[in-house]
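J.: Here it is, the structure in full.
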Amino acid sequence: MKLDKLDVVWFICLIIIGLGVLIVSINNVFDMGFPATMIKPIGIVDLITLPVLAFTSVKKLKSKQ
């Protein structure tokens, strides 16, 4: 099975969003005390990655039809 560029970008976006959510969630649940200078950039990266993930998801769905 050959992975094209769209699949690779989609997979990378999923990894980035998953890691960001995991770090922020662990920080909130266990009160790790991460500084805001670490949490805010993670949120910004997640917000930037979301439209890319949505775009690649739509393109993948359209290409399968």
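In the structure tokens, chains take letters A, B, ... by order of appearance, with residues numbered from 1 within each chain and ligands from 1 in the order shown.
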With a distance cut-off of 8 Å and only C-alpha atoms, select the neighbouring residues of segment 5-14 of chain A, excluding the residue or stretch itself and same-chain residues fewer than 3 positions from it, and output the selection as a list of chain:residue names.
T.: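 Residues meeting the cut-off are A:Ile17, A:Gly18, A:Thr49, A:Leu50, A:Val52, A:Leu53, A:Thr56, A:Ser57, A:Lys60.
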J.: Quick one: everything within 9 Å of Val24 of chain A, counting only C-alpha atoms, minus sequence neighbours fewer than 3 positions away in the same chain. Send it as a PyMOL selection string.
T.: chain A and resi 19-21+27-29+34+39+42-43
J.: Which of chain A counts as alpha helix (DSSP H) under DSSP, as a PyMOL selection string please?
T.: chain A and resi 5-30+36-64
J.: At what distance in Å, to one decimal, does atom CA of Asp31 of chain A lie from atom CA of Ile44 of chain A?
T.: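 Between atom CA of Ile44 of chain A and atom CA of Asp31 of chain A the gap works out to 20.6 Å.
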J.: Atom CA of Leu22 of chain A and atom CA of Lys59 of chain A are how many Å apart?
T.: 26.6 Å
J.: Can you work out the spacing between atom CA of Thr37 of chain A and atom CA of Ala54 of chain A in Å, to one decimal?
T.: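 Atom-to-atom, atom CA of Thr37 of chain A to atom CA of Ala54 of chain A, that is 26.9 Å.
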